[in-house]
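Chemist: Got a structure here, written out as structure tokens. Questions coming.
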Amino acid sequence: MIEYKNFIYLDVYKTGSTHINFLLKKISTEKPVRVKRHAPLTKGRPFTWKGGKLVFATVRNPWDWYVSMWAYGHTVENPLYEHIKQGFGQEKLNELYEMDNPKVAFPKWLKCMHDPAFLAQALKGHRLPTSGLMGFMGFYTYRFMRVTMPYPEVFLRKPFINSLDGAVAAQKRWAMYDVLMKSETLDQEFADFAAKNGQQLGFTDRAVDVINKQADKHKNVSKRTLETYRDYYTDELRDLVATRDRFFIDLFGYTF
């Protein structure tokens, strides 16, 4: 979460969050009062929740998200890379992140991201392996809900959530954001958001111009060797994400 005087941004990893954070620093008249990157709102505000502030978040096509996560995965800023290295060693890491051979490496990595046994070893000490959710929930669904739900360390687990339908119902009831923007149309949506709410949120008069000027200069962009995210998928992999991350299809209308 990134909190300012009048608003809070729930920065879900790999959904354009670095770009939004960069823009907020340029268009806000005040500095953030609290920054806990990629964390739920209740981690920074455990008892006051929103506190009357406008809360927004960003989301991304799940198939595209996994490609971005993989393509960016071998950088020093991605803790998942280190977790896999510590859990399985350098040889396994090299196999999963063979960046020059995406048609082979990405399928292996994606299946690992949906393998409860693999994640249990890679993420020892983290809540996901002990949540009871890994049998039916995709890694991205968990990461998204972890940032956008209140007290995920308590409620993002069985018996509170027992199925993907239960996850969808929980998100509908407890999601902490008032506004959700899709990364595929983020520049226009954020510009519209600033035009509508900028004055009350403490944005500068030039906020919309700044957003539009930076539209083609996104930060933290992953480097890919194939033309589109669809080129990384087989029918089997497409269906894997469609099944385990159906959350994004049901709630936000995403399609392959």
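We name chains A, B, ... following the order of the structure tokens; residues begin at 1 in each chain, and ligands are numbered from 1 as shown.
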Which residues come within 12 Å of Leu24 in chain A, counting only C-alpha atoms, excluding same-chain residues fewer than 2 positions away, as a count of residues only?
Modeler: 33
Chemist: Looking only at helix (DSSP H, G or I) from DSSP on the backbone, list the matching residues of range 117-168 of chain A as a list in words.
Modeler: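 Taking range 117-168 of chain A and keeping helix (DSSP H, G or I) only, one gets Ala117, Phe118, Leu119, Ala120, Gln121, Ala122, Arg127, Leu128, Pro129, Thr130, Phe139, Tyr140, Thr141, Tyr142, Arg143, Phe144, Met145, Arg146, Val147, Thr148, Pro152, Glu153, Val154, Phe155, Leu164, Asp165, Gly166, Ala167 and Val168 of chain A.
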Chemist: Need the shell around Lys158 in chain A: protein/DNA/RNA residues with any atom at most 12 Å away, counting only C-alpha atoms. Skip same-chain ones fewer than 4 positions apart. Format as a JSON list (two decimals) with N, CA and C atoms, in the first residue's frame?
Modeler:
```json
[["chain", "number", "residue", "atom", "x", "y", "z"],
["A", 127, "ARG", "N", 2.96, -17.71, 4.08],
["A", 127, "ARG", "CA", 1.61, -18.14, 4.43],
["A", 127, "ARG", "C", 0.94, -18.99, 3.35],
["A", 128, "LEU", "N", 1.30, -18.79, 2.09],
["A", 128, "LEU", "CA", 0.61, -19.52, 1.03],
["A", 128, "LEU", "C", 0.69, -21.04, 1.21],
["A", 129, "PRO", "N", 1.87, -21.62, 1.46],
["A", 129, "PRO", "CA", 1.92, -23.08, 1.59],
["A", 129, "PRO", "C", 1.10, -23.63, 2.74],
["A", 130, "THR", "N", 0.84, -22.84, 3.77],
["A", 130, "THR", "CA", 0.09, -23.32, 4.92],
["A", 130, "THR", "C", -1.35, -22.84, 4.93],
["A", 131, "SER", "N", -1.77, -22.15, 3.86],
["A", 131, "SER", "CA", -3.10, -21.55, 3.83],
["A", 131, "SER", "C", -4.21, -22.54, 3.54],
["A", 132, "GLY", "N", -3.85, -23.66, 2.92],
["A", 132, "GLY", "CA", -4.86, -24.62, 2.49],
["A", 132, "GLY", "C", -5.51, -24.26, 1.17],
["A", 133, "LEU", "N", -5.02, -23.21, 0.50],
["A", 133, "LEU", "CA", -5.64, -22.72, -0.74],
["A", 133, "LEU", "C", -4.95, -23.23, -1.99],
["A", 134, "MET", "N", -3.78, -23.81, -1.86],
["A", 134, "MET", "CA", -2.97, -24.13, -3.04],
["A", 134, "MET", "C", -3.56, -25.25, -3.87],
["A", 135, "GLY", "N", -4.50, -26.01, -3.32],
["A", 135, "GLY", "CA", -5.09, -27.09, -4.09],
["A", 135, "GLY", "C", -6.00, -26.61, -5.21],
["A", 136, "PHE", "N", -6.50, -25.36, -5.09],
["A", 136, "PHE", "CA", -7.44, -24.86, -6.11],
["A", 136, "PHE", "C", -7.15, -23.45, -6.58],
["A", 137, "MET", "N", -6.29, -22.71, -5.90],
["A", 137, "MET", "CA", -6.09, -21.29, -6.22],
["A", 137, "MET", "C", -4.75, -21.05, -6.89],
["A", 152, "PRO", "N", -5.33, -10.37, 5.37],
["A", 152, "PRO", "CA", -5.19, -11.63, 4.61],
["A", 152, "PRO", "C", -4.48, -12.72, 5.41],
["A", 153, "GLU", "N", -3.62, -12.34, 6.34],
["A", 153, "GLU", "CA", -2.92, -13.34, 7.14],
["A", 153, "GLU", "C", -3.91, -14.14, 8.00],
["A", 154, "VAL", "N", -5.09, -13.58, 8.23],
["A", 154, "VAL", "CA", -6.12, -14.27, 9.00],
["A", 154, "VAL", "C", -7.16, -14.93, 8.11],
["A", 162, "ASN", "N", -12.86, -21.76, 0.84],
["A", 162, "ASN", "CA", -12.75, -23.19, 0.56],
["A", 162, "ASN", "C", -12.78, -23.53, -0.93],
["A", 163, "SER", "N", -12.93, -22.53, -1.79],
["A", 163, "SER", "CA", -13.03, -22.78, -3.23],
["A", 163, "SER", "C", -12.81, -21.47, -3.96],
["A", 164, "LEU", "N", -12.66, -21.55, -5.29],
["A", 164, "LEU", "CA", -12.54, -20.33, -6.08],
["A", 164, "LEU", "C", -13.82, -19.51, -6.03],
["A", 166, "GLY", "N", -15.69, -19.31, -3.50],
["A", 166, "GLY", "CA", -15.59, -18.63, -2.21],
["A", 166, "GLY", "C", -14.65, -17.45, -2.27],
["A", 167, "ALA", "N", -13.57, -17.57, -3.06],
["A", 167, "ALA", "CA", -12.63, -16.46, -3.22],
["A", 167, "ALA", "C", -13.29, -15.29, -3.94]]
```
Chemist: I'd like the interatomic distance between CA of Lys103 in chain A and CA of Thr225 in chain A, to a tenth of an Å.
Modeler: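 Atom-to-atom, CA of Lys103 in chain A to CA of Thr225 in chain A, that is 10.1 Å.
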Chemist: May I have the residues within 12 Å of Lys43 in chain A as a ChimeraX atom specification, using only C-alpha atoms and disregarding those fewer than 3 positions away in the same chain?
Modeler: /A:1-3,10,34-40,46-50,146-154
Chemist: Keeping N, CA, C and O atoms for every residue in the selection just given, could you write it to a file as a short mmCIF file (atom, residue, chain, number, x, y, z; two decimals), in the first residue's frame?
Modeler:
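Output below, filename again20.cif:
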```
data_model
loop_
_atom_site.label_atom_id
_atom_site.label_comp_id
_atom_site.auth_asym_id
_atom_site.auth_seq_id
_atom_site.Cartn_x
_atom_site.Cartn_y
_atom_site.Cartn_z
N MET A 1 0.83 -1.18 0.00
CA MET A 1 0.00 0.00 0.00
C MET A 1 0.88 1.25 0.00
O MET A 1 1.93 1.28 0.63
N ILE A 2 0.42 2.24 -0.74
CA ILE A 2 1.10 3.54 -0.76
C ILE A 2 0.06 4.57 -0.36
O ILE A 2 -0.91 4.82 -1.09
N GLU A 3 0.24 5.16 0.81
CA GLU A 3 -0.78 6.05 1.38
C GLU A 3 -0.34 7.51 1.31
O GLU A 3 0.77 7.86 1.71
N LEU A 10 -3.32 0.58 -3.61
CA LEU A 10 -2.96 -0.80 -3.33
C LEU A 10 -2.19 -1.33 -4.53
O LEU A 10 -2.77 -1.65 -5.57
N ARG A 34 2.77 6.98 4.23
CA ARG A 34 3.08 5.61 4.60
C ARG A 34 3.30 4.79 3.33
O ARG A 34 2.49 4.86 2.41
N VAL A 35 4.38 4.00 3.27
CA VAL A 35 4.66 3.18 2.10
C VAL A 35 5.03 1.78 2.56
O VAL A 35 6.02 1.59 3.28
N LYS A 36 4.22 0.81 2.16
CA LYS A 36 4.50 -0.60 2.41
C LYS A 36 4.19 -1.32 1.11
O LYS A 36 3.07 -1.78 0.90
N ARG A 37 5.18 -1.40 0.22
CA ARG A 37 4.97 -1.88 -1.13
C ARG A 37 4.38 -3.28 -1.18
O ARG A 37 4.79 -4.18 -0.46
N HIS A 38 3.36 -3.43 -2.04
CA HIS A 38 2.72 -4.72 -2.33
C HIS A 38 2.16 -5.37 -1.06
O HIS A 38 2.14 -6.60 -0.95
N ALA A 39 1.70 -4.55 -0.14
CA ALA A 39 1.14 -5.06 1.12
C ALA A 39 -0.32 -4.65 1.25
O ALA A 39 -0.76 -3.68 0.63
N PRO A 40 -1.10 -5.39 2.04
CA PRO A 40 -2.51 -5.03 2.23
C PRO A 40 -2.67 -3.74 3.01
O PRO A 40 -1.79 -3.35 3.78
N PRO A 46 -3.85 -0.92 10.61
CA PRO A 46 -4.46 -2.14 11.15
C PRO A 46 -5.81 -1.96 11.80
O PRO A 46 -6.58 -2.91 11.90
N PHE A 47 -6.14 -0.75 12.25
CA PHE A 47 -7.40 -0.57 12.96
C PHE A 47 -8.33 0.45 12.32
O PHE A 47 -9.55 0.39 12.49
N THR A 48 -7.79 1.40 11.57
CA THR A 48 -8.62 2.46 11.00
C THR A 48 -9.09 2.17 9.59
O THR A 48 -9.89 2.90 9.03
N TRP A 49 -8.60 1.09 8.95
CA TRP A 49 -8.97 0.74 7.60
C TRP A 49 -8.77 1.92 6.66
O TRP A 49 -7.73 2.52 6.63
N LYS A 50 -9.77 2.28 5.87
CA LYS A 50 -9.60 3.34 4.87
C LYS A 50 -9.47 4.73 5.50
O LYS A 50 -8.85 5.62 4.92
N ARG A 146 -4.15 -11.09 -1.55
CA ARG A 146 -3.32 -10.75 -0.40
C ARG A 146 -3.16 -9.23 -0.25
O ARG A 146 -3.08 -8.71 0.87
N VAL A 147 -3.14 -8.51 -1.35
CA VAL A 147 -2.98 -7.06 -1.31
C VAL A 147 -4.31 -6.33 -1.17
O VAL A 147 -4.39 -5.28 -0.54
N THR A 148 -5.36 -6.88 -1.73
CA THR A 148 -6.63 -6.14 -1.81
C THR A 148 -7.65 -6.50 -0.74
O THR A 148 -8.69 -5.85 -0.63
N MET A 149 -7.38 -7.54 0.06
CA MET A 149 -8.31 -7.95 1.11
C MET A 149 -7.81 -7.47 2.48
O MET A 149 -6.61 -7.32 2.69
N PRO A 150 -8.71 -7.26 3.43
CA PRO A 150 -8.27 -6.91 4.78
C PRO A 150 -7.79 -8.13 5.55
O PRO A 150 -8.34 -9.23 5.39
N TYR A 151 -6.75 -7.95 6.35
CA TYR A 151 -6.22 -9.00 7.21
C TYR A 151 -6.05 -10.35 6.49
O TYR A 151 -6.56 -11.38 6.93
N PRO A 152 -5.33 -10.37 5.37
CA PRO A 152 -5.19 -11.63 4.61
C PRO A 152 -4.48 -12.72 5.41
O PRO A 152 -4.72 -13.91 5.18
N GLU A 153 -3.62 -12.34 6.34
CA GLU A 153 -2.92 -13.34 7.14
C GLU A 153 -3.91 -14.14 8.00
O GLU A 153 -3.61 -15.26 8.41
N VAL A 154 -5.09 -13.58 8.23
CA VAL A 154 -6.12 -14.27 9.00
C VAL A 154 -7.16 -14.93 8.11
O VAL A 154 -7.49 -16.12 8.26
#
```
Chemist: Which of these residues is nearest to His83 in chain A, using only C-alpha atoms: A:Ser68, A:Asn61, A:Leu123, A:Ala117?
Modeler: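 Checking each candidate against His83 in chain A, we get A:Leu123 as the closest.
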Chemist: Can you work out the spacing between CA of Val179 in chain A and CA of Phe248 in chain A in Å, to one decimal?
Modeler: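 Straight-line distance from CA of Val179 in chain A to CA of Phe248 in chain A works out to 15.8 Å.
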Chemist: Just to confirm, what's the straight-line distance from CA of Leu54 in chain A to CA of Tyr140 in chain A in Å (one decimal)?
Modeler: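 Going from CA of Leu54 in chain A over to CA of Tyr140 in chain A covers 24.5 Å.
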Chemist: Show which residues sit within 12 Å of Tyr229 in chain A, as a tab-separated table (two decimals) with C-alpha atoms, in the first residue's frame. Count only C-alpha atoms, and ignore same-chain residues fewer than 3 positions away.
Modeler:
```tsv
chain	number	residue	atom	x	y	z
A	61	ASN	CA	-4.85	-10.08	-17.48
A	62	PRO	CA	-3.80	-13.28	-15.65
A	63	TRP	CA	-2.15	-14.92	-18.68
A	64	ASP	CA	-0.14	-11.77	-19.33
A	65	TRP	CA	0.69	-11.42	-15.62
A	66	TYR	CA	2.41	-14.79	-15.50
A	67	VAL	CA	4.50	-14.01	-18.58
A	68	SER	CA	5.51	-10.69	-17.08
A	69	MET	CA	6.34	-12.34	-13.76
A	70	TRP	CA	8.51	-14.92	-15.49
A	71	ALA	CA	10.23	-12.49	-17.86
A	102	PRO	CA	11.02	-19.38	-23.43
A	103	LYS	CA	9.09	-22.12	-25.23
A	106	PHE	CA	8.21	-20.78	-19.32
A	222	SER	CA	9.86	-6.92	-18.37
A	223	LYS	CA	11.86	-7.88	-21.45
A	224	ARG	CA	10.25	-10.53	-23.65
A	225	THR	CA	11.53	-12.43	-26.66
A	226	LEU	CA	8.17	-13.55	-28.09
A	232	TYR	CA	4.16	-18.33	-24.57
A	233	TYR	CA	1.15	-20.59	-24.08
A	234	THR	CA	0.07	-24.01	-25.24
A	237	LEU	CA	-1.10	-23.89	-20.15
A	238	ARG	CA	-3.92	-21.59	-21.21
A	256	PHE	CA	-7.13	-15.20	-23.25
```
